[in-house]
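Encoded as structure tokens, the structure appears first; notes follow it.
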Amino acid sequence: MRRLSLLAGLAAMTVAAALVSSCSTGSSAPATGAGGATTTINLGLPTSVTSFANADVAVAQARGFFAAEGLIVHVKNLASGVPVVQGVVGGSLDVGATSIEPVVNADAQGGGLVIIGSYADRLTVSMVTPTSIATPAQLRGKRLGIQTVGAFREVMTRMVIENAGLTPSNVAYVPVSSDGYIGALTQGSIQSAILQQEQVTNVLQRDHNLHVLVNLYQAMPGYFYGTYVVTRAWLAHHQQTAKKFLTAIVRAHRFMYKNKAASVRIVAQATGFSQPVISQAYDVLLGREGVFAVNQGLETARIAQTIQTMQHYKTLTGTAPAAASIVDTGPISAVVSQLGAWTGDPRWH
């Protein structure tokens, strides 16, 4: 009954059952060990089109890092982190890639989820608006693009407007698909959107009447962003599978830092953006901000600070879980111990 109640609560956060039905295939086969056998993982991503922030998966696929670990990874692109969490809780996904907010809210309701790794653990997004909007306070009465209430882009939007003394009742939320924000902004059907870095680069090149109103990473450098999440029940029976998955992800992150040209080609193909746009986004996300972890990346202090931020902005429903209770560092610690830690660069974490 507890699980049914949780799934019902999470479903209420989505716009329609279509979001839930997009997550529909079975769970993975158990790990079969060495000797050439393979293990299948169903992985959910939180955008309908893969973003740069989630492109570590594309790199791991293209460079053979999953294959080297004996993994077949079936990737499902969903509308936001909310249906990703629904899929993990319901068992149609083995691993979910999602921003941290739906995970914290699910565990606040007894969801039994645990974070085992991260994609981009620093924020990779900015709020983009027309240049006529010079301050967040001027968003009052405007049409603001979101995914769904409680999903990542709405949470980021709410933080921006509440810092300006506004609430969601002072603006008009407009649901937009993750690949529809640029068109909606340039057409004027919305006046703000939370965009990934590659989307920011692209839209500012296309429309000089738009600008970055708030860079969320600069505004909240301590906020923890992207998680790889599983259920505790799944992890109890798939420790080796989790380690293999995270080994491929860490190898992908390290490859991306050391191989810009090859990474840009892979990410461009995965995201659908041009290589020049992805190259500029690379220079921000990896060259300057170092948003991908090359070691453990699960800093409890950052996660605790993020939970406190969610409480402050009332984006957390239920009793806040302790940071240590929603993270299992065992698998990623074993991976870093095996691969060796990277040191000597301020971006390495």
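Every chain in the structure tokens has a letter given in the order shown (A, B, ...), and although residue numbers restart at 1 in each chain, ligands are simply numbered from 1 in the order shown.
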Could the residues of region 195-241 of chain A that have an atom at most 7 Å from region 279-300 of chain A be listed as JSON lines, each with its closest atom pair and the distance in Å to one decimal, counting only C-alpha atoms and ordered by chain and ascending residue number?
```
{"residue": "A:Gln197", "atom": "CA", "partner": "A:Ala281", "partner_atom": "CA", "distance": 5.7}
{"residue": "A:Glu198", "atom": "CA", "partner": "A:Ala281", "partner_atom": "CA", "distance": 5.3}
{"residue": "A:Thr201", "atom": "CA", "partner": "A:Ala281", "partner_atom": "CA", "distance": 6.9}
```
Please save C-alpha atoms of the selected residues as a short mmCIF file (atom, residue, chain, number, x, y, z; two decimals), in the first residue's frame.
```
data_model
loop_
_atom_site.label_atom_id
_atom_site.label_comp_id
_atom_site.auth_asym_id
_atom_site.auth_seq_id
_atom_site.Cartn_x
_atom_site.Cartn_y
_atom_site.Cartn_z
CA GLN A 197 23.95 25.36 -21.65
CA GLU A 198 23.80 24.13 -25.25
CA THR A 201 24.30 29.04 -26.68
#
```
Using only C-alpha atoms, which residues of region 281-327 of chain A come within 9 Å of region 154-168 of chain A, and what is the closest atom pair for each, with the distance in Å to one decimal? Give it as JSON lines, sorted by chain and residue number.
```
{"residue": "A:Met310", "atom": "CA", "partner": "A:Val155", "partner_atom": "CA", "distance": 8.7}
{"residue": "A:Tyr313", "atom": "CA", "partner": "A:Met159", "partner_atom": "CA", "distance": 6.5}
{"residue": "A:Thr315", "atom": "CA", "partner": "A:Val155", "partner_atom": "CA", "distance": 6.7}
```
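Counting only C-alpha atoms and comparing A:Ser51, A:Ser274, A:Ser263, A:Thr186, the residue that lies closest to Pro130 (chain A) is A:Thr186.
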*With only C-alpha atoms as the atoms that count, which of A:Met220, A:Ala301, A:Ile278, A:Ala58 lies nearest to Ala252 (chain A)?*
A:Ala58
*Please run DSSP on the backbone and report, as a PyMOL selection string, all residues within region 144-298 of chain A that come out as strand (DSSP E).*
chain A and resi 144-146+172-175+193-196+210-215+226-231
Each region 230-311 of chain A residue no farther than 9 Å from region 87-109 of chain A, nearest pair in Å, only C-alpha atoms, as a tab-separated table:
```
residue	atom	partner	partner_atom	distance
A:Val230	CA	A:Val95	CA	5.1
A:Thr231	CA	A:Val89	CA	6.6
A:Trp234	CA	A:Asp94	CA	7.3
A:Ala242	CA	A:Val95	CA	8.8
A:Ile303	CA	A:Ile100	CA	8.6
A:Thr306	CA	A:Ile100	CA	8.5
A:Ile307	CA	A:Val104	CA	7.5
A:Met310	CA	A:Glu101	CA	7.7
```
Under the rule of at most 10 Å, produce a per-residue listing of region 215-246 of chain A near region 68-79 of chain A: chain, number, name, the closest pair of atoms, and the distance in Å, as CSV, using only C-alpha atoms.
```
residue,atom,partner,partner_atom,distance
A:Thr241,CA,A:Leu71,CA,8.2
A:Lys243,CA,A:Glu69,CA,9.3
A:Lys244,CA,A:Glu69,CA,5.6
A:Phe245,CA,A:Leu71,CA,7.5
A:Leu246,CA,A:Glu69,CA,9.8
```
Write a file of the selected residues as a short mmCIF file (atom, residue, chain, number, x, y, z; two decimals), in the first residue's frame, keeping N, CA and C atoms.
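Dumped to out_0.cif:
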```cif
data_model
loop_
_atom_site.label_atom_id
_atom_site.label_comp_id
_atom_site.auth_asym_id
_atom_site.auth_seq_id
_atom_site.Cartn_x
_atom_site.Cartn_y
_atom_site.Cartn_z
N THR A 241 26.26 -5.09 -10.79
CA THR A 241 25.74 -4.36 -11.95
C THR A 241 25.89 -2.86 -11.73
N LYS A 243 28.12 -1.34 -9.88
CA LYS A 243 29.54 -0.99 -10.01
C LYS A 243 29.97 -0.94 -11.47
N LYS A 244 29.48 -1.88 -12.27
CA LYS A 244 29.83 -1.88 -13.70
C LYS A 244 29.27 -0.63 -14.38
N PHE A 245 28.03 -0.30 -14.08
CA PHE A 245 27.42 0.89 -14.66
C PHE A 245 28.22 2.14 -14.29
N LEU A 246 28.55 2.28 -13.02
CA LEU A 246 29.28 3.48 -12.57
C LEU A 246 30.71 3.50 -13.09
#
```
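With only C-alpha atoms as the atoms that count, the minimum distance from Val214 (chain A) to the choices A:Gly180, A:Gly318, A:Gly141, A:Pro136 is reached by A:Pro136.
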_Backbone-only DSSP, alpha helix (DSSP H) members of region 167-199 of chain A, as a ChimeraX atom specification_ = /A:181-187,197-199
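CA of Tyr228 (chain A) sits 12.1 Å away from CA of Val250 (chain A).
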_From A:Ala270, A:Ile190, A:Ala262, A:Met256, residue lying nearest Ser48 (chain A) [only C-alpha atoms]_ = A:Ala270
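Minimum atom-to-atom distance to Val335 (chain A), evaluated using only C-alpha atoms, belongs to A:Ile249 out of A:Val84, A:Ile249, A:Leu216, A:Ala172.
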Excluding Asn202 (chain A) and its own-chain neighbours fewer than 2 positions away, which residues fall within 12 Å of it when counting only C-alpha atoms? Please give them as a CSV table (one decimal) with C-alpha atoms, in the first residue's frame.
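Once everything was written out, this is result-v4.csv:
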```csv
chain,number,residue,atom,x,y,z
A,128,VAL,CA,16.8,33.0,-20.5
A,181,TYR,CA,11.8,25.9,-25.2
A,182,ILE,CA,13.8,27.5,-27.9
A,183,GLY,CA,10.9,27.8,-30.3
A,185,LEU,CA,11.0,31.7,-26.6
A,186,THR,CA,11.8,32.9,-30.1
A,195,LEU,CA,17.7,26.2,-20.6
A,196,GLN,CA,20.6,23.8,-20.6
A,197,GLN,CA,23.9,25.4,-21.6
A,198,GLU,CA,23.8,24.1,-25.2
A,199,GLN,CA,20.3,25.5,-25.5
A,200,VAL,CA,21.5,28.9,-24.1
A,204,LEU,CA,21.3,33.5,-28.0
A,205,GLN,CA,22.9,33.0,-31.5
A,206,ARG,CA,19.4,32.9,-33.1
A,207,ASP,CA,17.7,35.7,-31.3
A,208,HIS,CA,19.6,38.8,-30.1
A,210,LEU,CA,17.1,37.3,-25.6
A,211,HIS,CA,19.6,37.2,-22.8
A,271,THR,CA,21.7,16.2,-28.5
A,272,GLY,CA,21.0,17.3,-32.1
A,273,PHE,CA,22.9,20.5,-31.8
A,274,SER,CA,25.8,21.5,-34.1
A,275,GLN,CA,29.4,20.8,-33.2
A,276,PRO,CA,30.2,24.6,-32.9
A,277,VAL,CA,27.3,25.0,-30.3
A,278,ILE,CA,28.4,21.9,-28.4
A,279,SER,CA,32.0,23.1,-28.5
A,280,GLN,CA,31.1,26.4,-26.8
A,281,ALA,CA,28.9,24.6,-24.3
```
*From the set A:Met127, A:Val203, A:Ala62, A:Ala137, which residue has the shortest atom-to-atom contact distance to Tyr217 (chain A), counting only C-alpha atoms?*
A:Met127
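Relative to CA of Ser126 (chain A), CA of Lys258 (chain A) is found at 25.6 Å.
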